[in-house]
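Below is protein.cif, holding mmCIF, C-alpha atoms.
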```cif
data_input
loop_
_atom_site.label_atom_id
_atom_site.label_comp_id
_atom_site.auth_asym_id
_atom_site.auth_seq_id
_atom_site.Cartn_x
_atom_site.Cartn_y
_atom_site.Cartn_z
CA GLU G 1 18.87 30.44 -2.51
CA ARG G 2 20.23 26.88 -2.14
CA LEU G 3 18.35 25.90 -5.29
CA TYR G 4 20.31 28.44 -7.34
CA THR G 5 23.72 28.10 -5.67
CA LYS G 6 24.15 24.36 -5.04
CA PRO G 7 21.88 21.80 -6.71
CA LEU G 8 20.07 19.34 -4.46
CA THR G 9 20.47 15.61 -4.93
CA VAL G 10 17.45 13.40 -5.59
CA THR G 11 17.60 12.10 -2.01
CA GLU G 12 17.73 15.64 -0.59
CA SER G 13 14.89 16.75 -2.89
CA LEU G 14 12.71 13.86 -1.74
CA SER G 15 13.36 14.81 1.88
CA VAL G 16 12.35 18.43 1.22
CA VAL G 17 9.19 17.44 -0.65
CA HIS G 18 8.32 14.94 2.09
CA GLN G 19 8.52 17.60 4.81
CA ILE G 20 6.59 20.17 2.77
CA ALA G 21 3.88 17.58 2.09
CA SER G 22 3.62 16.98 5.84
CA ALA G 23 3.21 20.72 6.45
CA LEU G 24 0.57 20.93 3.73
CA GLY G 25 -1.23 17.99 5.29
CA GLU G 26 -1.60 19.98 8.51
CA ALA G 27 -2.87 23.03 6.64
CA HIS G 28 -5.27 21.02 4.46
CA SER G 29 -6.69 19.26 7.53
CA LYS G 30 -7.83 22.73 8.64
CA GLU G 31 -9.29 23.45 5.18
CA ILE G 32 -6.49 25.89 4.32
CA VAL G 33 -4.90 26.03 0.84
CA HIS G 34 -1.52 27.76 0.52
CA ARG G 35 -1.81 28.71 -3.18
CA ASP G 36 1.79 29.96 -3.52
CA ILE G 37 4.17 27.00 -3.17
CA LYS G 38 7.54 28.06 -4.61
CA PRO G 39 11.25 27.87 -3.66
CA GLY G 40 11.16 31.37 -2.17
CA ASN G 41 8.65 30.22 0.45
CA ILE G 42 10.62 27.13 1.48
CA PHE G 43 13.34 27.57 4.10
CA LEU G 44 16.01 24.98 4.90
CA CYS G 45 17.15 25.24 8.53
CA VAL G 46 20.31 23.53 9.75
CA GLN G 47 19.76 21.11 12.62
CA THR G 48 22.52 20.57 15.19
CA GLY G 49 23.91 17.06 14.96
CA LYS G 50 21.83 16.14 11.91
CA GLU G 51 22.72 16.12 8.23
CA GLU G 52 19.11 16.49 7.08
CA PRO G 53 17.86 20.09 7.26
CA LEU G 54 14.57 21.06 8.87
CA VAL G 55 12.24 22.39 6.15
CA LYS G 56 9.76 25.17 6.89
CA LEU G 57 6.94 26.39 4.67
CA LEU G 58 6.39 30.15 4.94
CA ASP G 59 4.17 32.94 3.60
CA PHE G 60 0.53 31.96 3.92
CA GLY G 61 -0.29 35.51 2.84
CA ILE G 62 -2.58 34.51 -0.04
CA ALA G 63 -3.82 31.28 1.55
CA LYS G 64 -7.55 30.78 1.64
CA SER G 65 -10.04 28.58 3.38
CA VAL G 66 -11.71 26.05 1.11
CA GLY G 67 -15.31 27.07 0.43
CA PHE G 68 -14.76 30.71 1.46
CA ASP G 69 -14.03 33.19 -1.28
CA GLY G 70 -15.23 36.47 0.21
CA GLN G 71 -11.90 38.24 -0.45
CA THR G 72 -11.42 37.01 -4.02
CA VAL G 73 -12.22 39.29 -6.92
CA THR G 74 -13.65 37.59 -10.04
CA GLY G 75 -10.90 37.11 -12.60
CA GLN G 76 -8.13 37.84 -10.11
CA MET G 77 -5.09 35.59 -10.34
CA MET G 78 -3.31 34.33 -7.23
CA GLY G 79 0.13 32.73 -7.15
CA THR G 80 3.45 32.72 -9.00
CA PRO G 81 3.09 31.86 -12.73
CA THR G 82 6.21 29.63 -12.81
CA TYR G 83 4.68 27.29 -10.17
CA MET G 84 0.99 27.95 -10.68
CA SER G 85 -1.56 25.17 -11.22
CA PRO G 86 -3.83 25.24 -14.32
CA GLU G 87 -6.96 25.80 -12.21
CA GLN G 88 -5.37 28.85 -10.60
CA ILE G 89 -4.99 30.29 -14.09
CA VAL G 90 -8.43 29.37 -15.41
CA ASN G 91 -10.71 29.79 -12.39
CA ILE G 92 -9.48 30.79 -8.94
CA LYS G 93 -12.72 29.51 -7.41
CA ASP G 94 -11.86 25.99 -8.52
CA VAL G 95 -8.68 25.89 -6.41
CA ASP G 96 -8.43 23.31 -3.62
CA HIS G 97 -5.69 21.35 -1.82
CA ARG G 98 -4.73 19.55 -5.05
CA SER G 99 -3.50 22.87 -6.42
CA ASP G 100 -0.78 22.84 -3.75
CA VAL G 101 0.16 19.30 -4.81
CA TYR G 102 0.68 20.52 -8.39
CA SER G 103 2.83 23.48 -7.34
CA LEU G 104 4.92 21.26 -5.08
CA GLY G 105 5.43 18.91 -8.04
CA ILE G 106 6.76 21.80 -10.13
CA VAL G 107 9.16 22.72 -7.30
CA PHE G 108 10.23 19.07 -7.10
CA TYR G 109 10.98 19.05 -10.84
CA HIS G 110 13.01 22.23 -10.41
CA MET G 111 15.05 20.67 -7.59
CA ILE G 112 15.85 17.53 -9.59
CA CYS G 113 16.52 19.12 -12.99
CA GLY G 114 17.91 22.48 -11.92
CA VAL G 115 15.33 24.47 -13.95
CA PRO G 116 11.53 24.74 -13.76
CA PRO G 117 9.65 22.73 -16.40
CA PHE G 118 7.74 25.68 -17.87
CA LYS G 119 9.39 29.02 -18.50
CA GLY G 120 8.07 31.13 -21.37
CA ASP G 121 9.12 34.50 -22.69
CA SER G 122 6.34 36.13 -20.70
CA TYR G 123 3.96 35.31 -17.87
CA PHE G 124 1.25 34.52 -20.40
CA ASP G 125 3.48 32.07 -22.25
CA THR G 126 4.38 30.37 -18.98
CA MET G 127 0.73 30.07 -17.96
CA ARG G 128 -0.22 28.72 -21.36
CA MET G 129 2.46 26.04 -21.01
CA HIS G 130 1.05 25.03 -17.62
CA MET G 131 -2.34 24.51 -19.22
CA GLN G 132 -1.31 22.87 -22.49
CA SER G 133 2.30 21.63 -22.60
CA PRO G 134 3.24 18.18 -21.30
CA LEU G 135 5.84 17.88 -18.59
CA PRO G 136 9.34 17.79 -20.16
CA LYS G 137 11.18 14.49 -19.82
CA VAL G 138 13.31 14.07 -16.74
CA LYS G 139 16.86 12.74 -17.06
CA ILE G 140 17.85 10.92 -13.86
CA SER G 141 21.21 9.20 -13.51
CA GLY G 142 22.77 7.10 -10.79
CA PHE G 143 19.71 4.98 -10.08
CA ASN G 144 18.33 1.71 -11.40
CA ASP G 145 15.35 1.55 -13.77
CA GLU G 146 12.85 0.84 -10.99
CA ILE G 147 13.80 3.94 -9.03
CA CYS G 148 13.83 6.15 -12.13
CA ALA G 149 10.38 4.90 -13.18
CA SER G 150 9.02 5.53 -9.65
CA LEU G 151 10.41 9.07 -9.61
CA ILE G 152 8.94 9.90 -13.02
CA SER G 153 5.58 8.39 -12.02
CA LEU G 154 5.60 10.49 -8.84
CA LEU G 155 6.31 13.68 -10.78
CA ASN G 156 3.74 12.98 -13.48
CA LYS G 157 0.95 12.34 -10.98
CA MET G 158 1.79 15.40 -8.90
CA THR G 159 1.76 17.67 -11.97
CA HIS G 160 -1.18 16.20 -13.87
CA LYS G 161 -3.21 18.87 -15.70
CA ASP G 162 -6.45 17.44 -14.33
CA LYS G 163 -6.56 17.83 -10.57
CA TYR G 164 -8.76 14.74 -10.24
CA HIS G 165 -5.86 12.63 -11.52
CA ARG G 166 -3.41 13.94 -8.93
CA TYR G 167 -2.91 12.55 -5.45
CA ALA G 168 -6.16 12.83 -3.55
CA ASP G 169 -4.56 14.37 -0.47
CA ALA G 170 -1.25 15.01 1.27
CA ASN G 171 -1.30 11.62 2.99
CA ALA G 172 -1.45 9.79 -0.34
CA LEU G 173 1.40 11.95 -1.63
CA ILE G 174 3.51 11.25 1.47
CA GLN G 175 3.02 7.51 1.07
CA ALA G 176 4.15 7.69 -2.56
CA ILE G 177 7.26 9.64 -1.53
CA ILE G 178 8.06 7.09 1.19
CA ASN G 179 7.80 4.28 -1.37
CA VAL G 180 10.44 5.94 -3.56
CA GLN G 181 12.68 6.67 -0.57
CA THR G 182 12.42 3.01 0.46
CA LEU G 183 13.53 1.86 -3.00
CA ILE G 184 16.56 4.16 -2.86
CA LEU G 185 17.45 2.96 0.64
CA ARG G 186 17.28 -0.69 -0.40
CA SER G 187 19.45 0.04 -3.43
CA ASP G 188 22.05 1.79 -1.25
CA LEU G 189 22.12 -1.08 1.24
CA SER G 190 22.56 -3.71 -1.46
CA SER G 191 25.46 -1.80 -2.99
CA GLN G 192 27.17 -1.61 0.40
CA GLN G 193 27.15 -5.38 1.01
CA PRO G 194 30.66 -6.65 1.91
CA HIS G 195 32.48 -8.50 -0.86
CA ILE G 196 35.65 -10.63 -0.91
CA SER G 197 38.46 -9.26 -3.03
CA SER G 198 40.71 -11.51 -5.11
CA THR G 199 43.61 -10.94 -2.67
CA THR G 200 41.45 -11.91 0.30
CA ALA G 201 40.20 -15.00 -1.54
CA LYS G 202 43.77 -16.16 -2.26
CA GLU G 203 44.73 -15.66 1.36
CA LEU G 204 41.74 -17.74 2.46
CA ASP G 205 42.76 -20.52 0.04
CA ARG G 206 46.31 -20.59 1.46
CA THR G 207 44.99 -20.72 5.01
CA SER G 208 42.66 -23.58 4.13
CA SER G 209 45.49 -25.56 2.46
CA ARG G 210 47.77 -25.02 5.45
CA ARG G 211 45.14 -26.32 7.86
CA THR G 212 44.60 -29.40 5.68
CA GLU G 213 48.32 -30.20 5.72
CA GLU G 214 48.45 -29.86 9.50
CA LYS G 215 45.58 -32.33 9.89
CA THR G 216 47.32 -34.82 7.55
CA GLN G 217 50.56 -34.65 9.52
CA LYS G 218 48.80 -35.24 12.82
CA SER G 219 47.04 -38.44 11.60
CA GLU G 220 48.86 -41.83 11.88
CA PRO G 221 50.46 -43.04 8.62
CA PHE G 222 49.13 -46.23 7.04
CA ASP G 223 52.01 -48.59 6.07
CA LEU G 224 51.11 -50.47 2.89
CA SER G 225 54.43 -52.36 2.86
CA LYS G 226 53.03 -54.86 5.34
CA PHE G 227 50.69 -56.16 2.71
CA SER G 228 51.46 -57.76 -0.62
CA VAL G 229 49.22 -57.92 -3.60
CA GLY G 230 47.26 -61.18 -3.65
CA SER G 231 48.29 -62.29 -0.16
CA GLU G 232 45.66 -63.77 2.03
CA VAL G 233 44.84 -62.06 5.18
CA THR G 234 44.24 -64.50 8.06
CA PRO G 235 41.45 -63.28 10.20
CA GLN G 236 42.35 -62.94 13.83
CA PRO G 237 40.20 -64.84 16.31
CA ARG G 238 37.98 -62.67 18.33
CA SER G 239 38.81 -62.50 21.98
CA THR G 240 36.24 -63.81 24.42
CA PRO G 241 34.75 -60.89 26.27
CA GLN G 242 35.59 -60.95 29.94
CA PRO G 243 32.84 -60.40 32.44
CA VAL G 244 32.78 -56.94 33.79
CA PRO G 245 32.99 -56.94 37.58
CA ASP G 246 30.10 -55.38 39.34
CA PRO G 247 31.32 -52.09 40.76
CA GLN G 248 28.93 -52.37 43.68
CA PRO G 249 29.73 -55.23 46.13
CA LYS G 250 26.94 -57.64 46.83
CA LEU G 251 25.66 -57.62 50.34
CA THR G 252 25.15 -61.11 51.93
CA PRO G 253 22.22 -61.11 54.29
CA GLN G 254 23.36 -61.80 57.86
CA SER G 255 21.47 -64.27 60.06
CA ARG G 256 19.75 -62.68 62.94
CA PRO G 257 20.94 -63.85 66.40
CA THR G 258 18.61 -66.16 68.28
CA PRO G 259 17.28 -64.35 71.30
CA GLN G 260 18.50 -65.96 74.59
CA SER G 261 16.04 -66.68 77.32
CA VAL G 262 16.43 -64.37 80.27
CA PRO G 263 16.01 -66.16 83.69
CA SER G 264 13.34 -64.62 85.79
CA PHE G 265 14.44 -63.06 89.04
CA GLN G 266 12.18 -63.12 92.02
CA PRO G 267 13.52 -61.96 95.33
CA LYS G 268 13.00 -64.21 98.35
CA LEU G 269 11.12 -62.59 101.17
CA THR G 270 12.27 -63.57 104.71
CA PRO G 271 9.48 -63.16 107.22
CA GLN G 272 10.28 -60.87 110.14
CA ILE G 273 9.36 -61.97 113.74
CA ALA G 274 7.85 -59.27 115.74
CA THR G 275 9.45 -58.81 119.18
#
```

Turn the structure described in the file into C-alpha coordinates.
Amino acid sequence: ERLYTKPLTVTESLSVVHQIASALGEAHSKEIVHRDIKPGNIFLCVQTGKEEPLVKLLDFGIAKSVGFDGQTVTGQMMGTPTYMSPEQIVNIKDVDHRSDVYSLGIVFYHMICGVPPFKGDSYFDTMRMHMQSPLPKVKISGFNDEICASLISLLNKMTHKDKYHRYADANALIQAIINVQTLILRSDLSSQQPHISSTTAKELDRTSSRRTEEKTQKSEPFDLSKFSVGSEVTPQPRSTPQPVPDPQPKLTPQSRPTPQSVPSFQPKLTPQIAT
(Lines of atoms letter the chains of each structure in order from A and count residues from 1; the text may use other names and numbers.)
(Lines give C-alpha, C1' and ligand atoms only; values in the text may rest on other atoms or scores of the structure.)
Protein backbone atom coordinates (compact mmCIF):
# COMPACT_ATOMS: atom_id res chain seq x y z
CA GLU A 1 0.00 0.00 0.00
CA ARG A 2 2.89 2.38 0.78
CA LEU A 3 3.97 2.17 -2.86
CA TYR A 4 0.64 3.60 -4.01
CA THR A 5 0.04 6.13 -1.22
CA LYS A 6 3.46 7.68 -0.54
CA PRO A 7 6.36 7.22 -2.97
CA LEU A 8 9.60 5.82 -1.57
CA THR A 9 12.85 7.71 -1.92
CA VAL A 10 15.83 6.13 -3.67
CA THR A 11 17.53 5.55 -0.30
CA GLU A 12 14.41 3.88 1.12
CA SER A 13 14.01 1.77 -2.03
CA LEU A 14 17.60 0.57 -1.80
CA SER A 15 17.04 -0.42 1.83
CA VAL A 16 13.93 -2.42 0.90
CA VAL A 17 15.65 -4.17 -2.00
CA HIS A 18 18.67 -4.90 0.20
CA GLN A 19 16.53 -6.63 2.85
CA ILE A 20 14.51 -8.57 0.28
CA ALA A 21 17.73 -9.74 -1.38
CA SER A 22 18.94 -10.98 2.01
CA ALA A 23 15.70 -12.93 2.49
CA LEU A 24 15.99 -14.40 -1.00
CA GLY A 25 19.58 -15.38 -0.24
CA GLU A 26 18.33 -17.51 2.66
CA ALA A 27 15.65 -19.13 0.50
CA HIS A 28 18.01 -19.73 -2.43
CA SER A 29 20.59 -21.33 -0.13
CA LYS A 30 17.92 -23.98 0.55
CA GLU A 31 17.23 -24.37 -3.19
CA ILE A 32 13.88 -22.55 -2.93
CA VAL A 33 12.69 -20.08 -5.59
CA HIS A 34 9.89 -17.68 -4.63
CA ARG A 35 8.56 -17.05 -8.17
CA ASP A 36 6.12 -14.30 -7.15
CA ILE A 37 8.10 -11.24 -6.02
CA LYS A 38 5.75 -8.24 -6.11
CA PRO A 39 4.81 -5.26 -3.88
CA GLY A 40 1.81 -7.14 -2.47
CA ASN A 41 4.13 -9.76 -0.96
CA ILE A 42 6.47 -7.24 0.66
CA PHE A 43 5.53 -5.92 4.10
CA LEU A 44 7.15 -2.90 5.77
CA CYS A 45 7.06 -3.22 9.57
CA VAL A 46 7.75 -0.24 11.83
CA GLN A 47 10.62 -0.78 14.26
CA THR A 48 10.56 0.96 17.64
CA GLY A 49 13.31 3.55 17.88
CA LYS A 50 14.42 3.10 14.27
CA GLU A 51 13.58 5.11 11.17
CA GLU A 52 14.29 2.22 8.79
CA PRO A 53 11.41 -0.27 8.56
CA LEU A 54 11.87 -4.01 8.88
CA VAL A 55 11.03 -5.62 5.52
CA LYS A 56 9.40 -9.06 5.36
CA LEU A 57 8.89 -11.22 2.28
CA LEU A 58 5.64 -13.18 2.40
CA ASP A 59 3.60 -15.69 0.39
CA PHE A 60 5.80 -18.59 -0.65
CA GLY A 61 2.62 -20.27 -1.90
CA ILE A 62 3.90 -20.93 -5.43
CA ALA A 63 7.56 -21.33 -4.45
CA LYS A 64 9.31 -24.41 -5.73
CA SER A 65 12.46 -26.32 -5.06
CA VAL A 66 15.04 -26.08 -7.81
CA GLY A 67 15.22 -29.35 -9.74
CA PHE A 68 11.81 -30.57 -8.53
CA ASP A 69 8.84 -29.95 -10.77
CA GLY A 70 6.43 -32.70 -9.76
CA GLN A 71 3.55 -30.26 -9.13
CA THR A 72 4.00 -28.20 -12.30
CA VAL A 73 1.73 -28.78 -15.27
CA THR A 74 3.32 -28.35 -18.71
CA GLY A 75 2.45 -24.94 -20.11
CA GLN A 76 1.20 -23.63 -16.77
CA MET A 77 2.22 -20.09 -15.92
CA MET A 78 3.24 -19.11 -12.39
CA GLY A 79 3.56 -15.56 -11.10
CA THR A 80 2.17 -12.06 -11.61
CA PRO A 81 2.53 -10.82 -15.24
CA THR A 82 3.53 -7.26 -14.21
CA TYR A 83 6.61 -8.59 -12.35
CA MET A 84 7.18 -11.87 -14.15
CA SER A 85 10.55 -12.87 -15.63
CA PRO A 86 10.79 -13.83 -19.33
CA GLU A 87 11.66 -17.44 -18.50
CA GLN A 88 8.53 -17.74 -16.37
CA ILE A 89 6.54 -16.79 -19.47
CA VAL A 90 8.37 -18.99 -21.95
CA ASN A 91 9.21 -22.12 -19.97
CA ILE A 92 8.37 -22.57 -16.29
CA LYS A 93 10.90 -25.42 -16.06
CA ASP A 94 13.71 -22.99 -16.84
CA VAL A 95 13.03 -20.90 -13.72
CA ASP A 96 15.75 -20.65 -11.07
CA HIS A 97 16.91 -18.14 -8.43
CA ARG A 98 17.78 -15.57 -11.12
CA SER A 99 14.06 -15.27 -11.90
CA ASP A 100 13.56 -13.79 -8.42
CA VAL A 101 16.37 -11.31 -9.13
CA TYR A 102 14.53 -10.13 -12.26
CA SER A 103 11.20 -9.71 -10.45
CA LEU A 104 12.89 -7.82 -7.62
CA GLY A 105 14.46 -5.52 -10.22
CA ILE A 106 11.00 -4.75 -11.64
CA VAL A 107 9.76 -3.96 -8.12
CA PHE A 108 12.81 -1.74 -7.60
CA TYR A 109 12.01 0.16 -10.81
CA HIS A 110 8.43 0.60 -9.62
CA MET A 111 9.60 2.01 -6.28
CA ILE A 112 11.95 4.53 -7.90
CA CYS A 113 9.74 5.65 -10.80
CA GLY A 114 6.30 5.25 -9.24
CA VAL A 115 5.03 2.95 -12.04
CA PRO A 116 6.10 -0.51 -13.24
CA PRO A 117 8.22 -0.51 -16.41
CA PHE A 118 5.91 -2.78 -18.43
CA LYS A 119 2.16 -2.38 -18.36
CA GLY A 120 0.22 -3.37 -21.48
CA ASP A 121 -3.47 -3.27 -22.27
CA SER A 122 -3.73 -6.94 -21.41
CA TYR A 123 -1.73 -9.64 -19.64
CA PHE A 124 -0.46 -10.85 -23.00
CA ASP A 125 0.78 -7.40 -23.95
CA THR A 126 2.54 -7.07 -20.61
CA MET A 127 4.22 -10.46 -20.99
CA ARG A 128 5.29 -9.65 -24.53
CA MET A 129 6.91 -6.45 -23.27
CA HIS A 130 8.84 -8.43 -20.64
CA MET A 131 10.23 -10.64 -23.37
CA GLN A 132 10.92 -8.05 -26.07
CA SER A 133 10.82 -4.42 -24.88
CA PRO A 134 13.90 -2.76 -23.39
CA LEU A 135 13.69 -1.29 -19.92
CA PRO A 136 12.35 2.30 -20.12
CA LYS A 137 14.83 5.01 -19.19
CA VAL A 138 14.96 6.00 -15.55
CA LYS A 139 14.93 9.67 -14.58
CA ILE A 140 16.76 10.14 -11.27
CA SER A 141 17.27 13.57 -9.75
CA GLY A 142 19.09 14.81 -6.69
CA PHE A 143 22.21 12.71 -7.17
CA ASN A 144 25.52 13.16 -8.95
CA ASP A 145 26.33 11.43 -12.24
CA GLU A 146 28.26 8.61 -10.58
CA ILE A 147 25.34 7.62 -8.35
CA CYS A 148 22.82 7.86 -11.20
CA ALA A 149 25.01 5.68 -13.44
CA SER A 150 25.41 3.10 -10.64
CA LEU A 151 21.66 2.97 -10.05
CA ILE A 152 20.88 2.52 -13.74
CA SER A 153 23.57 -0.16 -14.05
CA LEU A 154 22.09 -1.98 -11.05
CA LEU A 155 18.60 -1.91 -12.55
CA ASN A 156 19.72 -2.99 -16.01
CA LYS A 157 21.64 -5.99 -14.70
CA MET A 158 18.82 -7.09 -12.41
CA THR A 159 16.27 -6.94 -15.24
CA HIS A 160 18.35 -8.31 -18.10
CA LYS A 161 16.29 -10.47 -20.50
CA ASP A 162 18.92 -13.19 -20.43
CA LYS A 163 19.17 -14.68 -16.96
CA TYR A 164 22.83 -15.55 -17.50
CA HIS A 165 23.61 -11.82 -17.68
CA ARG A 166 21.95 -11.05 -14.35
CA TYR A 167 23.58 -11.26 -10.95
CA ALA A 168 24.71 -14.80 -10.36
CA ASP A 169 23.20 -15.01 -6.88
CA ALA A 170 21.74 -12.96 -4.05
CA ASN A 171 25.17 -12.31 -2.52
CA ALA A 172 26.42 -10.66 -5.71
CA LEU A 173 23.25 -8.56 -5.83
CA ILE A 174 23.64 -7.49 -2.19
CA GLN A 175 27.22 -6.40 -2.81
CA ALA A 176 26.12 -4.29 -5.77
CA ILE A 177 23.41 -2.65 -3.65
CA ILE A 178 25.91 -1.91 -0.87
CA ASN A 179 28.22 -0.24 -3.40
CA VAL A 180 25.45 2.15 -4.44
CA GLN A 181 24.46 2.83 -0.84
CA THR A 182 28.10 3.63 -0.03
CA LEU A 183 28.27 6.17 -2.87
CA ILE A 184 25.12 7.89 -1.60
CA LEU A 185 26.46 7.95 1.97
CA ARG A 186 29.74 9.51 0.87
CA SER A 187 27.88 12.12 -1.15
CA ASP A 188 25.69 13.00 1.85
CA LEU A 189 28.71 13.30 4.16
CA SER A 190 30.59 15.55 1.75
CA SER A 191 27.60 17.87 1.42
CA GLN A 192 27.35 18.16 5.20
CA GLN A 193 30.95 19.34 5.70
CA PRO A 194 31.06 22.55 7.79
CA HIS A 195 31.75 25.74 5.84
CA ILE A 196 32.63 29.29 6.91
CA SER A 197 30.09 31.92 5.97
CA SER A 198 31.10 35.40 4.82
CA THR A 199 29.95 36.89 8.15
CA THR A 200 32.03 34.40 10.12
CA ALA A 201 35.05 35.08 7.91
CA LYS A 202 34.79 38.84 8.51
CA GLU A 203 34.54 38.29 12.24
CA LEU A 204 37.66 36.10 12.14
CA ASP A 205 39.53 38.82 10.21
CA ARG A 206 38.59 41.45 12.83
CA THR A 207 39.70 39.18 15.65
CA SER A 208 43.02 38.51 13.93
CA SER A 209 43.64 42.26 13.38
CA ARG A 210 42.80 43.05 17.00
CA ARG A 211 45.27 40.45 18.26
CA THR A 212 47.99 41.85 15.99
CA GLU A 213 47.47 45.36 17.37
CA GLU A 214 47.68 44.09 20.94
CA LYS A 215 51.00 42.39 20.22
CA THR A 216 52.37 45.60 18.63
CA GLN A 217 51.40 47.70 21.65
CA LYS A 218 53.05 45.30 24.07
CA SER A 219 56.43 45.36 22.24
CA GLU A 220 59.00 48.11 23.11
CA PRO A 221 59.09 51.03 20.64
CA PHE A 222 62.26 51.58 18.62
CA ASP A 223 63.33 55.28 18.72
CA LEU A 224 64.91 56.25 15.41
CA SER A 225 65.52 59.85 16.55
CA LYS A 226 68.69 58.74 18.32
CA PHE A 227 70.31 58.07 14.99
CA SER A 228 71.03 60.44 12.15
CA VAL A 229 71.50 59.54 8.56
CA GLY A 230 75.19 59.07 7.74
CA SER A 231 76.39 59.21 11.35
CA GLU A 232 78.97 56.76 12.41
CA VAL A 233 78.14 54.37 15.08
CA THR A 234 81.05 53.80 17.50
CA PRO A 235 81.19 50.22 18.49
CA GLN A 236 81.10 49.67 22.21
CA PRO A 237 83.97 47.69 23.71
CA ARG A 238 83.02 44.29 24.81
CA SER A 239 83.12 43.73 28.52
CA THR A 240 85.58 41.19 29.84
CA PRO A 241 83.65 38.19 31.07
CA GLN A 242 83.97 37.73 34.79
CA PRO A 243 84.77 34.30 36.13
CA VAL A 244 81.78 32.52 37.43
CA PRO A 245 82.27 31.44 41.03
CA ASP A 246 82.08 27.78 41.65
CA PRO A 247 78.82 27.14 43.46
CA GLN A 248 80.33 24.21 45.31
CA PRO A 249 83.08 25.15 47.84
CA LYS A 250 86.37 23.40 47.44
CA LEU A 251 87.32 21.11 50.24
CA THR A 252 90.96 21.44 51.48
CA PRO A 253 92.32 18.12 52.61
CA GLN A 254 93.10 18.18 56.34
CA SER A 255 96.37 16.73 57.66
CA ARG A 256 95.91 13.69 59.75
CA PRO A 257 97.11 14.01 63.38
CA THR A 258 100.33 12.23 64.25
CA PRO A 259 99.55 9.40 66.61
CA GLN A 260 101.12 9.96 70.09
CA SER A 261 103.04 7.19 71.73
CA VAL A 262 101.20 5.69 74.65
CA PRO A 263 103.51 4.86 77.65
CA SER A 264 103.30 1.28 78.67
CA PHE A 265 101.97 0.57 82.12
CA GLN A 266 103.25 -2.35 84.07
CA PRO A 267 102.21 -2.72 87.67
CA LYS A 268 104.92 -3.34 90.25
CA LEU A 269 104.48 -6.50 92.23
CA THR A 270 105.53 -6.32 95.92
CA PRO A 271 106.48 -9.72 97.25
CA GLN A 272 104.51 -10.84 100.30
CA ILE A 273 106.38 -12.43 103.30
CA ALA A 274 104.69 -15.40 104.66
CA THR A 275 104.23 -15.34 108.45

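The residue that comes closest to Tyr109 of chain G, out of G:Thr182, G:Thr9, G:Ser187, G:Ser29 and on the basis of all atoms listed in the file, is G:Thr9.
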
Notebook entry, point to check: Do you know which residues the PyMOL selection byres ((chain G and resi 172) around 12) returns on this file, as a PyMOL selection string?
Noted result: chain G and resi 18+21-22+25+98+101+154+157-158+166-171+173-179

Check: Closest to Val115 of chain G among G:Ser153, G:Gln47, G:Asn41, G:Thr82, using only C-alpha atoms?
Finding: G:Thr82

Checklist line | Spatial neighbours of Met127 of chain G, 7 Å, only C-alpha atoms, chain gap at least 4 places, as a PyMOL selection string | finding: chain G and resi 81+89+123+131

Next item on the list: Apply the PyMOL selection byres ((chain G and resi 146) around 12) to the displayed file and report the matching residues as a PyMOL selection string.
Entry: chain G and resi 140+142-145+147-153+179-184+186-187

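In this structure, atom CA of Lys30 of chain G sits 29.7 Å away from atom CA of Pro116 of chain G.
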
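Here atom CA of Leu8 of chain G stands at a distance of 25.5 Å from atom CA of Ser133 of chain G.
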
Margin query: Using all atoms listed in the file and a cutoff of 8 Å, can you tell me which residues are near (-2.4, 21.4, -13.7) in the file's coordinates, and write them out as a count of residues only?
Written below: 13

Centre and edge lengths of an axis-aligned box around all listed atoms of segment 150-160 of chain G, with 8 Å added on each side, are to be given in Å to one decimal, as JSON.
```
{"center_x": 4.6, "center_y": 11.6, "center_z": -11.4, "size_x": 27.6, "size_y": 28.1, "size_z": 21.0}
```

Item checked: Residues in the PyMOL selection byres ((chain G and resi 55) around 9), expressed as a ChimeraX atom specification -> /G:15-17,19-20,42-46,53-54,56-57

Next item on the list: Work out how far atom CA of Asn91 of chain G is from atom CA of Pro39 of chain G, in Å to one decimal.
Entry: 23.7 Å
